Amino acid sequence: MNTVQTRKRKLPLLIGALLATSMILGGCLGDDKPRPIPPPAAPAPTPPPPPPPEFSAEIQRTEFGIPHIMAEDYKGLGYGLGYAFASDNICSLAREIVVASGTSALNFEPSARNITSDVFYTWYNEPSRRMALLDVQEQEVRDAIQGYAAGYSRYLRDTGVDNIDPACAGEPWVTEITEMDLAAVYGKGNLRGGLSNFVTPIVLAQPPSASAVAPAVGEDIPAFDLTRINVLEGGSNAYALGSESTENGSGMLYGNPHEPWYGVQRFYQFHLTIPGEIDVMGAGQQGQPFVNIGFNKDVAWSHTVSTAKRFTLYQLQLVPGDDLKYRYTNADGEVEERDITREEITIDLPGGATHTGAIYNSHFGPMLAAQFINGALPSWGTFNLAFAIRDAASENPRGVNQWYSMNKATSSEDLLDRMKTVLGLPFVNTIAADRDGNALYADMSTVPHVTSAQFAACVGANPALQALAAAGIPGLDGSTAACEWGSDEDSPQEGIFGGSNLPALLNTTYSTNSNDSYWMSNPDEPLNQEFSPLLRRNLVARPGVSVAAAAPRLLRTRMGVVQVQERLSGEDGLGGNKFSLRKLQEVGYSNRNYAAELVLDDVLADCEANALMPVTGGGTIDATEACEVLGNWDRANNVGSRGAHVFREFSRNVNYEGNIETAFSVPFDEADPVNTPRGFIVNESTRRALGDAIQLFVDRGVALDEQLGNLQFETVAGTGERIPMHGGRGQEGVFNVIFVPGADADGNYTPVTGGPTYMQTVTWDADGPVAEALLGQSQSADATNPFSRDQTRRYSEKNWIPMPFSQAEIAASAIGEKVVITE
C-alpha cells in the first residue's frame, strides 16, 4: 500500500485576504449598498480511511529456510504460510492441483493413466463436493485456507510465472489459486487409504451391456497395490516416552514418518503464531494451513499410517437379465430392486478434443471392475454378480479441522479428547507425549462401523468374500441391510466408529508404533480389547490365538520395541537406563538391521560348512569372501557399513516377512511377540538367495566390502555432488527406513524417493519445548533454491537441527530480512 505525502497550504488566510480586497475595491467604485459577504466555502469532505488489509503476515526465516509466520488472525497466518511455501515448492502444489482437479491429460499428456485419473477426480472432486468440504470447516480454518490460497497467489504475482522454479517456469498450468483448488487437494488426500487405491477399477467398471467408453488398459495404468493398503511397505515410526522412561521426567517424542520426498505427501517445516491464540511448530504436507506433525509448548505428536481399513467392498446380486439392477433386502425384510446409475464424465484433452468416461454408482458407492483388484474375482455380470465400494474417509471432510484442533492441545489427554471429538484423521495413528510425562498411542481415525460379529456374518461362507478377507480386503454381502455400516452415538459421522470404540493407550512409560496394528503398542500393556477386525492388517484372526489381534509383528516393529527395551534395561551401551534427547537420537539413527541380528549367525555357520552357494540358472559361486565380509559387517545400515548391500539383496531374495510362517523354526507366540518367530531355517532356497546376492555384485564389478554410502546416495542436481545416505529397508527390520530402487547396472541404490522426512525429537524444560528436527529432503524441491539439499547433508551426517521456538531463539538464528506482506 502506497502512502502519499502532501505539502500543507494556508488556505484560510488566503481566502480572508481575497475577501477583504474585494470589499475595499467595491467601496472605491462608489457602490452605496454594502454587499453581503459570501460564506466561506465548505471544506472538502475528509476521505474515508482505506480499509484495513484483508491479509497481513510477517515471515521471518531461520537457518535452513524454516519460515516463522506471525499474524494477527488466521487469514494472515494462512497468507504467510502460503506465500512461504510457494516460494520454495510452487511446482509441486501446482501440479497436485492439476491432478486433483482432473486436468492432467489436458495439461501434461493424454496418456491412459492421466485420462483414467482425470475421469475419477473430475467425478469425485466436482464443485459441490468441494464446497461442502469448505462449508464444514471451523471459521478459523476457513480463514486460514483462504489466506493460504491468497499467499500462494501473491507470491506468483510478485515473482511472475516465468521467474519461478525452472521445473515449471512459464507453464500455463501454474496459475493463481483459490480455496476451491485447495479443497480439491484435501479431498484427494482423504482418499489415500481408500478410493485412491481403486481409481483404475472404478473408472474401468462397466456392465456387459455398455459400450466401451473407458480408456484401454495400458502399461501406464498402475496395477492394484494391496501392500499400500495393508501398510506392508513404507509407513512410519514413532516413540512416545513417558516420565518413567526419561532422564528429565518430562515426556519425550521421536517421530520419523516415512513418506515420499516428492509430490503431495512432501512435508514442509514451519512455525505459526498468533500471539495469545496459537503457537505451534512442525511440518505439514503441501496445501495444509496447519501443522500435521509437530509440537507446541505443552505437547508433541507424530503420525504413522494405520493398518485400519477405510472401506468395504460390497458384493451385489444382480437381477437376472438386467445388469444395472441388484436385489437388496431392506431393514423391513422387503426385497427391493435397486438401480445402478451411470454418470457421464467428460474431460478436456489437448487441441480441443474431449474424452467421455463414466462412473457407475450403487447406493453403497461406485462400482468396481473387480477383476483388476484380484484376477480370481468375477467381472461385472459373471455369475450374476457385481462389486461396489464404500469409503468412510471419502465421507469425512474434517481433516483440516482436526489438525487445527490438535495444534492447540494442552496435554496428551487433551489431544486424545480433541481427536475423539472431531474424529477427522483419515488414515493415521497418533503417538504423542507431553511436558508432564504422559505418553499416548491412539488410532482415532475414520473406520467403517463393522463389528466382529457383523463382519463374520456378512462374509459368511461366500468364497469370494472369504478370499478377499484372507488377502486383507474387507468385502461384505451387499444384498441385505444387515451388512450396512452401523454408527456410534459419539461419532460425528454416520457409519463410522466413535472414539469409545477405537483403541488408545495413555501411560507414563512408553508407546511405539511402526505401522502394525494397535495390539502391541507397548508389549507390557497390550490392547487386548475386542475391536473391529477392520482395525487390523489381518482381518482373519490367526488360528489358536486368544486375542484376535495377536499376529506376527513386522520386523521393523520388533526392532523398534527392542531398542526401547534395551535402552530401559541399559543393555545398549549408551549409559544409564533412560532416555535423554541425545540418546533418543542415537537410538533412532542406530540403523540396526534386525534381520541380520535374527539370521546372520545361522547363515555364516552354514557358509563355513559349505561356501559353494547355488545360483539361479545353475552352477555355484564361492561365498568365502562374501561370508568373511558379512562376518565383519557391523550389522547396521550406516554410510560406512561394509557388506550391508550384500545382505540387502540376500534379504530381498529370502523375503522374511512374506515367508514369515516358513522362514523360522520357532513360530509366533502371542505371549512373546517381540522375540518370535525366530530360528532361521537354512535350506537350498536360502543358500541360493545368498548365491544370487553375491553374483549380482560380482556381475556389476562392485566390491563385496564396499561402504553402503558409496552405493546409496542422493545426487545434487547441477553439481553432481553425491550425498551418502544411511538407512535401510523396513523388510529387513531397519528402523530408519529409506526408499531407494533396487541396485542399478552399476550396483547403486539411487535416487532416494522417500523415507526419512520430518524427523523430530521433542522434550521440555522449565522454559518450554526443547526440539531438534530434520527434514530429510530439505525445505525446497527447487534445485536452484539454497534450501534444496542443506538438510539432506545434515541427515547424512546424523546432525540434528535445533528448532527455534521462542522469540529469542528465532531472533538468534534468523537469516535474511523479515518479510511483511499485506493486501
# chains A, B, ... in the order shown; residues from 1 in each chain; ligands from 1

$ residues_around --residues "Gln585 (chain A)" --least-positions-apart "2" --cutoff "10 Å" --atoms "only C-alpha atoms" --output "PyMOL selection string"
chain A and resi 254+579-583+587-590+759-761+772-773+798-800

$ residues_around --residues "Gln779 (chain A)" --least-positions-apart "6" --cutoff "9 Å" --atoms "only C-alpha atoms" --output "list of chain:residue names"
A:Phe64, A:Gly65, A:Ile66, A:Phe85, A:Asp88, A:Asn89, A:Phe267, A:Tyr268, A:Gln269, A:Phe787, A:Ser788, A:Arg789, A:Asp790, A:Gln791

$ select_by_dssp --residues "region 162-356 of chain A" --states "helix (DSSP H, G or I)" --output "PyMOL selection string"
chain A and resi 162-163+179-193+195-203+226-229+243-245+350-352

$ write_last_selection --atoms "N, CA, C and O atoms" --output "short mmCIF file (atom, residue, chain, number, x, y, z; two decimals), in the first residue's frame"
data_model
loop_
_atom_site.label_atom_id
_atom_site.label_comp_id
_atom_site.auth_asym_id
_atom_site.auth_seq_id
_atom_site.Cartn_x
_atom_site.Cartn_y
_atom_site.Cartn_z
N ASP A 162 7.27 -16.76 -15.15
CA ASP A 162 8.49 -17.04 -15.90
C ASP A 162 9.73 -17.06 -15.02
O ASP A 162 10.81 -17.47 -15.47
N ASN A 163 9.59 -16.59 -13.76
CA ASN A 163 10.76 -16.44 -12.89
C ASN A 163 10.75 -17.39 -11.70
O ASN A 163 11.58 -17.26 -10.80
N GLU A 179 -9.52 -21.10 -2.76
CA GLU A 179 -9.80 -22.12 -1.75
C GLU A 179 -10.43 -23.36 -2.38
O GLU A 179 -10.29 -24.47 -1.86
N MET A 180 -11.11 -23.20 -3.50
CA MET A 180 -11.70 -24.35 -4.18
C MET A 180 -10.61 -25.29 -4.72
O MET A 180 -10.78 -26.52 -4.75
N ASP A 181 -9.50 -24.74 -5.16
CA ASP A 181 -8.38 -25.57 -5.60
C ASP A 181 -7.81 -26.36 -4.43
O ASP A 181 -7.50 -27.55 -4.56
N LEU A 182 -7.66 -25.71 -3.29
CA LEU A 182 -7.15 -26.41 -2.12
C LEU A 182 -8.14 -27.46 -1.64
O LEU A 182 -7.73 -28.53 -1.18
N ALA A 183 -9.43 -27.19 -1.76
CA ALA A 183 -10.44 -28.18 -1.37
C ALA A 183 -10.27 -29.45 -2.20
O ALA A 183 -10.46 -30.56 -1.70
N ALA A 184 -9.94 -29.31 -3.49
CA ALA A 184 -9.70 -30.48 -4.32
C ALA A 184 -8.50 -31.27 -3.82
O ALA A 184 -8.52 -32.51 -3.80
N VAL A 185 -7.45 -30.57 -3.39
CA VAL A 185 -6.27 -31.24 -2.86
C VAL A 185 -6.62 -31.99 -1.57
O VAL A 185 -6.21 -33.14 -1.37
N TYR A 186 -7.40 -31.35 -0.69
CA TYR A 186 -7.78 -32.01 0.56
C TYR A 186 -8.66 -33.22 0.28
O TYR A 186 -8.52 -34.27 0.91
N GLY A 187 -9.59 -33.07 -0.65
CA GLY A 187 -10.48 -34.18 -0.99
C GLY A 187 -9.69 -35.37 -1.51
O GLY A 187 -9.94 -36.52 -1.11
N LYS A 188 -8.75 -35.13 -2.39
CA LYS A 188 -7.91 -36.20 -2.92
C LYS A 188 -7.09 -36.84 -1.80
O LYS A 188 -6.95 -38.07 -1.73
N GLY A 189 -6.53 -36.02 -0.92
CA GLY A 189 -5.71 -36.54 0.16
C GLY A 189 -6.46 -37.46 1.11
O GLY A 189 -5.90 -38.41 1.65
N ASN A 190 -7.76 -37.19 1.30
CA ASN A 190 -8.56 -38.03 2.19
C ASN A 190 -8.65 -39.47 1.70
O ASN A 190 -8.93 -40.37 2.49
N LEU A 191 -8.44 -39.68 0.43
CA LEU A 191 -8.69 -40.99 -0.18
C LEU A 191 -7.49 -41.92 -0.14
O LEU A 191 -7.55 -43.04 -0.65
N ARG A 192 -6.41 -41.49 0.48
CA ARG A 192 -5.17 -42.26 0.43
C ARG A 192 -5.35 -43.70 0.93
O ARG A 192 -4.77 -44.63 0.38
N GLY A 193 -6.16 -43.89 1.95
CA GLY A 193 -6.37 -45.24 2.47
C GLY A 193 -7.54 -45.96 1.83
O GLY A 193 -7.83 -47.09 2.22
N LEU A 195 -10.39 -44.90 -1.68
CA LEU A 195 -10.72 -44.85 -3.10
C LEU A 195 -9.55 -44.58 -4.01
O LEU A 195 -9.54 -45.04 -5.16
N SER A 196 -8.54 -43.84 -3.56
CA SER A 196 -7.44 -43.54 -4.47
C SER A 196 -6.68 -44.80 -4.88
O SER A 196 -5.98 -44.80 -5.89
N ASN A 197 -6.82 -45.87 -4.11
CA ASN A 197 -6.21 -47.15 -4.47
C ASN A 197 -7.04 -47.91 -5.51
O ASN A 197 -6.58 -48.92 -6.05
N PHE A 198 -8.26 -47.44 -5.76
CA PHE A 198 -9.19 -48.16 -6.63
C PHE A 198 -9.57 -47.35 -7.87
O PHE A 198 -10.58 -47.63 -8.50
N VAL A 199 -8.77 -46.34 -8.21
CA VAL A 199 -9.13 -45.47 -9.33
C VAL A 199 -9.31 -46.27 -10.61
O VAL A 199 -10.32 -46.12 -11.33
N THR A 200 -8.37 -47.14 -10.92
CA THR A 200 -8.48 -47.93 -12.16
C THR A 200 -9.70 -48.84 -12.14
O THR A 200 -10.50 -48.84 -13.10
N PRO A 201 -9.92 -49.64 -11.09
CA PRO A 201 -11.12 -50.49 -11.08
C PRO A 201 -12.43 -49.71 -11.13
O PRO A 201 -13.43 -50.21 -11.66
N ILE A 202 -12.46 -48.49 -10.60
CA ILE A 202 -13.68 -47.69 -10.64
C ILE A 202 -13.93 -47.17 -12.05
O ILE A 202 -15.04 -47.28 -12.60
N VAL A 203 -12.91 -46.60 -12.66
CA VAL A 203 -13.08 -45.99 -13.98
C VAL A 203 -13.32 -47.05 -15.07
O VAL A 203 -14.05 -46.81 -16.03
N LEU A 226 -2.00 -53.95 -3.13
CA LEU A 226 -2.52 -54.30 -1.81
C LEU A 226 -1.54 -53.96 -0.71
O LEU A 226 -1.95 -53.67 0.42
N THR A 227 -0.23 -53.97 -1.00
CA THR A 227 0.75 -53.70 0.05
C THR A 227 0.59 -52.29 0.61
O THR A 227 0.87 -52.05 1.78
N ARG A 228 0.15 -51.37 -0.22
CA ARG A 228 -0.05 -50.00 0.25
C ARG A 228 -1.22 -49.93 1.22
O ARG A 228 -1.14 -49.30 2.27
N ILE A 229 -2.31 -50.61 0.90
CA ILE A 229 -3.49 -50.60 1.77
C ILE A 229 -3.18 -51.25 3.09
O ILE A 229 -3.58 -50.77 4.16
N SER A 243 7.23 -40.18 31.66
CA SER A 243 8.14 -39.72 32.71
C SER A 243 8.98 -40.84 33.31
O SER A 243 10.10 -40.60 33.78
N GLU A 244 8.48 -42.08 33.30
CA GLU A 244 9.24 -43.19 33.86
C GLU A 244 10.39 -43.62 32.95
O GLU A 244 11.26 -44.38 33.39
N SER A 245 10.42 -43.13 31.73
CA SER A 245 11.43 -43.57 30.77
C SER A 245 12.42 -42.50 30.38
O SER A 245 13.32 -42.77 29.58
N PRO A 350 -5.86 -32.17 -25.07
CA PRO A 350 -5.20 -31.13 -25.87
C PRO A 350 -5.84 -30.97 -27.25
O PRO A 350 -6.45 -31.90 -27.80
N GLY A 351 -5.73 -29.78 -27.80
CA GLY A 351 -6.22 -29.50 -29.13
C GLY A 351 -7.73 -29.40 -29.25
O GLY A 351 -8.29 -29.53 -30.33
N GLY A 352 -8.41 -29.17 -28.13
CA GLY A 352 -9.86 -29.03 -28.15
C GLY A 352 -10.61 -30.34 -28.13
O GLY A 352 -11.85 -30.35 -28.17
#

$ atom_distance --atom1 "CA of Leu349 (chain A)" --atom2 "CA of Ala205 (chain A)"
21.7 Å

$ closest_residue --among "A:Pro53, A:Gln731, A:Gly560, A:Met419" --to "Asp490 (chain A)" --atoms "only C-alpha atoms"
A:Met419

$ select_by_dssp --residues "region 394-578 of chain A" --states "strand (DSSP E or B)" --output "MDAnalysis selection string"
chainID A and resid 425 428:434 439:442 445 448 475:477 480 496 504:507 510:513

$ residues_around --residues "Pro614 (chain A)" --least-positions-apart "3" --cutoff "8 Å" --atoms "only C-alpha atoms" --output "list in words"
Gly618, Gly619, Thr620, Ile621, Glu684, Arg687, Arg688, Gly691 and Asp692 of chain A

$ residues_around --residues "Asp135 (chain A)" --least-positions-apart "3" --cutoff "12 Å" --atoms "only C-alpha atoms" --output "ChimeraX atom specification"
/A:128-132,138-143,145,179-180,183,397-398,401

$ closest_residue --among "A:Pro110, A:Gly287, A:Gly544, A:Pro503" --to "Ala308 (chain A)" --atoms "only C-alpha atoms"
A:Pro503

$ closest_residue --among "A:Thr312, A:Asn237, A:Thr46, A:Gln286" --to "Ala94 (chain A)" --atoms "only C-alpha atoms"
A:Gln286

$ residues_around --residues "Pro724 (chain A)" --least-positions-apart "5" --cutoff "8 Å" --atoms "only C-alpha atoms" --output "ChimeraX atom specification"
/A:639,709-714,796

$ closest_residue --among "A:Ala167, A:Ala693, A:Met520, A:Ala644" --to "Glu670 (chain A)" --atoms "only C-alpha atoms"
A:Met520

$ atom_distance --atom1 "CA of Ala467 (chain A)" --atom2 "CA of Ser394 (chain A)"
25.1 Å
